[in-house]
Structure formats: C-alpha cells, structure tokens
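Participant: Just so it is clear, I am handing over input.cif, which has mmCIF, C-alpha atoms.
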```
data_my_file
#
loop_
_atom_site.group_PDB
_atom_site.id
_atom_site.type_symbol
_atom_site.label_atom_id
_atom_site.label_comp_id
_atom_site.auth_asym_id
_atom_site.auth_seq_id
_atom_site.Cartn_x
_atom_site.Cartn_y
_atom_site.Cartn_z
ATOM 1 C CA MET J 144 216.277 102.106 62.787
ATOM 2 C CA ASN J 145 216.179 100.136 59.559
ATOM 3 C CA MET J 146 214.005 102.144 57.169
ATOM 4 C CA GLN J 147 212.421 100.367 54.220
ATOM 5 C CA PRO J 148 211.787 102.375 51.029
ATOM 6 C CA VAL J 149 208.162 102.188 49.857
ATOM 7 C CA ARG J 150 206.377 102.938 46.598
ATOM 8 C CA SER J 151 204.388 106.058 47.347
ATOM 9 C CA SER J 152 204.206 109.616 46.093
ATOM 10 C CA ALA J 153 203.823 110.883 49.683
ATOM 11 C CA ILE J 154 205.946 108.510 51.776
ATOM 12 C CA ALA J 155 209.601 107.699 51.093
ATOM 13 C CA ALA J 156 210.405 105.092 53.758
ATOM 14 C CA VAL J 157 208.907 103.288 56.754
ATOM 15 C CA GLY J 158 210.365 101.520 59.779
ATOM 16 C CA TYR J 159 208.897 99.792 62.827
ATOM 17 C CA ASP J 160 210.190 98.788 66.259
ATOM 18 C CA PRO J 161 207.835 96.122 67.643
ATOM 19 C CA SER J 162 209.409 96.132 71.111
ATOM 20 C CA LYS J 163 208.571 99.825 71.548
ATOM 21 C CA ARG J 164 205.526 99.869 69.230
ATOM 22 C CA GLU J 165 207.051 102.795 67.351
ATOM 23 C CA LEU J 166 206.361 103.520 63.691
ATOM 24 C CA PHE J 167 208.850 105.639 61.752
ATOM 25 C CA ILE J 168 207.774 107.473 58.609
ATOM 26 C CA GLN J 169 209.825 109.607 56.278
ATOM 27 C CA PHE J 170 207.755 111.677 53.876
ATOM 28 C CA THR J 171 208.859 112.582 50.366
ATOM 29 C CA SER J 172 208.202 116.266 51.030
ATOM 30 C CA HIS J 173 210.414 116.488 54.127
ATOM 31 C CA PRO J 174 213.638 114.663 55.044
ATOM 32 C CA THR J 175 212.746 114.404 58.751
ATOM 33 C CA THR J 176 211.733 110.987 60.083
ATOM 34 C CA TYR J 177 208.626 111.144 62.275
ATOM 35 C CA THR J 178 208.144 108.691 65.137
ATOM 36 C CA TYR J 179 204.604 107.591 66.035
ATOM 37 C CA VAL J 180 204.255 105.891 69.433
ATOM 38 C CA GLY J 181 201.875 103.183 70.590
ATOM 39 C CA VAL J 182 201.279 101.793 67.103
ATOM 40 C CA PRO J 183 200.177 98.129 67.094
ATOM 41 C CA ILE J 184 202.007 95.770 64.768
ATOM 42 C CA THR J 185 198.724 95.117 62.944
ATOM 43 C CA VAL J 186 198.578 98.780 61.918
ATOM 44 C CA TYR J 187 202.154 98.561 60.650
ATOM 45 C CA THR J 188 201.530 95.385 58.643
ATOM 46 C CA ASP J 189 198.288 96.748 57.188
ATOM 47 C CA PHE J 190 200.086 99.992 56.341
ATOM 48 C CA MET J 191 202.881 98.157 54.551
ATOM 49 C CA SER J 192 200.420 96.088 52.509
ATOM 50 C CA ALA J 193 198.120 98.995 51.644
ATOM 51 C CA SER J 194 197.936 99.842 47.959
ATOM 52 C CA SER J 195 197.981 103.546 48.863
ATOM 53 C CA LYS J 196 200.337 104.322 51.728
ATOM 54 C CA GLY J 197 199.316 107.986 51.766
ATOM 55 C CA GLN J 198 195.624 107.183 52.015
ATOM 56 C CA TYR J 199 196.204 104.581 54.736
ATOM 57 C CA TYR J 200 198.305 107.102 56.664
ATOM 58 C CA ASP J 201 195.570 109.737 56.426
ATOM 59 C CA LEU J 202 192.818 107.336 57.534
ATOM 60 C CA PHE J 203 194.506 105.224 60.209
ATOM 61 C CA ILE J 204 197.680 106.909 61.497
ATOM 62 C CA LYS J 205 197.532 110.690 61.139
ATOM 63 C CA ASP J 206 196.058 112.354 64.267
ATOM 64 C CA ARG J 207 195.529 108.926 65.915
ATOM 65 C CA TYR J 208 198.993 108.405 67.364
ATOM 66 C CA SER J 209 201.234 110.883 69.124
ATOM 67 C CA THR J 210 204.629 111.775 67.725
ATOM 68 C CA ARG J 211 207.928 112.356 69.400
#
```
Can you dump the structure from the file as structure tokens?
Facilitator:
Amino acid sequence: MNMQPVRSSAIAAVGYDPSKRELFIQFTSHPTTYTYVGVPITVYTDFMSASSKGQYYDLFIKDRYSTR
C-alpha cells in the first residue's frame, strides 16, 4: 500500500485502496498501520482535506469502521 505522509501531530501517514474500500492509517504514537474496512472514498477524500486529521478521525472514523 502506498502510504502518503500527512501534516498532523497524531497521524503520520494515510493510504486508501478504493477497490477494497480500505483506509490505512499510521499514527505518530505507534508504528503499526491500522486497516479500516468499508470506508467510502468520500470519507477518505474528506479526511485528506481536513484541516485537523486527528479531529476528523475522532469524529468520522474512530469506532465507526471495523479494523483488521
């Protein structure tokens, strides 16, 4: 997966696979990459354009999509 570094104090990098609707997030506090399944591309694009990635994650991704 091609991870894209982002400007965030909480999130280091983000990736997305539109064919599988999987969102990949690597947090600054932990080197593991988390995979969120069933994420629409609109959530990914809104996430990437959000001024605060951490706040967007907390409001629209965390506890809304399952991880694997």
Participant: Which neighbours of Tyr177 in chain J fall inside 9 Å, counting only C-alpha atoms, when residues of the same chain fewer than 6 positions from it are skipped, and could you give them as a compact mmCIF listing (two decimals) with C-alpha atoms, in the frame of the given file?
Facilitator:
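Result file follows (part_33.txt):
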```txt
# COMPACT_ATOMS: atom_id res chain seq x y z
CA LEU J 166 206.36 103.52 63.69
CA PHE J 167 208.85 105.64 61.75
CA ILE J 168 207.77 107.47 58.61
CA GLN J 169 209.82 109.61 56.28
CA PHE J 170 207.76 111.68 53.88
CA THR J 210 204.63 111.78 67.72
CA ARG J 211 207.93 112.36 69.40
```
Participant: Can you list what the PyMOL selection byres ((chain J and resi 189-195) around 10) grabs from this structure, as a list of chain:residue names?
Facilitator: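 For this structure, the PyMOL selection byres ((chain J and resi 189-195) around 10) resolves to J:Gln147, J:Val149, J:Arg150, J:Ser151, J:Ser152, J:Ala153, J:Ile154, J:Val157, J:Gly158, J:Ile184, J:Thr185, J:Val186, J:Tyr187, J:Thr188, J:Lys196, J:Gly197, J:Gln198, J:Tyr199, J:Tyr200, J:Phe203, J:Ile204.
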Participant: Between CA of Val180 in chain J and CA of Lys163 in chain J, measure the distance and give it in Å to one decimal.
Facilitator: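 Computing the Euclidean distance for CA of Val180 in chain J and CA of Lys163 in chain J yields 7.7 Å.
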Participant: Report as JSON the centre and the edge lengths, in Å to one decimal, of the axis-aligned box holding every listed atom of range 176-187 of chain J, padded by 4 Å on each side.
Facilitator:
```
{"center_x": 205.2, "center_y": 103.1, "center_z": 65.3, "size_x": 21.2, "size_y": 24.0, "size_z": 18.5}
```
Participant: Grab the CA of Arg207 in chain J to CA of Thr176 in chain J distance for me, in Å with one decimal place.
Facilitator: 17.3 Å
Participant: Would you work out the distance separating CA of Asn145 in chain J from CA of Val182 in chain J, expressed in Å to one decimal?
Facilitator: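 Result for CA of Asn145 in chain J versus CA of Val182 in chain J: 16.8 Å, one decimal.
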Participant: Evaluate the PyMOL selection byres ((chain J and resi 181) around 7) against this structure - the residues, as a PyMOL selection string, please.
Facilitator: chain J and resi 164-165+179-180+182-183+208
Participant: Would you export the selected residues with C-alpha atoms as a PDB file, keeping the file's coordinate frame, please?
Facilitator:
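Saved to part_6.pdb:
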```pdb
ATOM      1  CA  ARG J 164     205.526  99.869  69.230  1.00  0.00           C
ATOM      2  CA  GLU J 165     207.051 102.795  67.351  1.00  0.00           C
ATOM      3  CA  TYR J 179     204.604 107.591  66.035  1.00  0.00           C
ATOM      4  CA  VAL J 180     204.255 105.891  69.433  1.00  0.00           C
ATOM      5  CA  VAL J 182     201.279 101.793  67.103  1.00  0.00           C
ATOM      6  CA  PRO J 183     200.177  98.129  67.094  1.00  0.00           C
ATOM      7  CA  TYR J 208     198.993 108.405  67.364  1.00  0.00           C
TER       8      TYR J 208
END
```
Participant: Find the residue from J:Ala155, J:Leu202, J:Ser209, J:Pro148 that sits nearest to Pro174 in chain J; use only C-alpha atoms when measuring.
Facilitator: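 Among the listed residues, the smallest separation from Pro174 in chain J belongs to J:Ala155.
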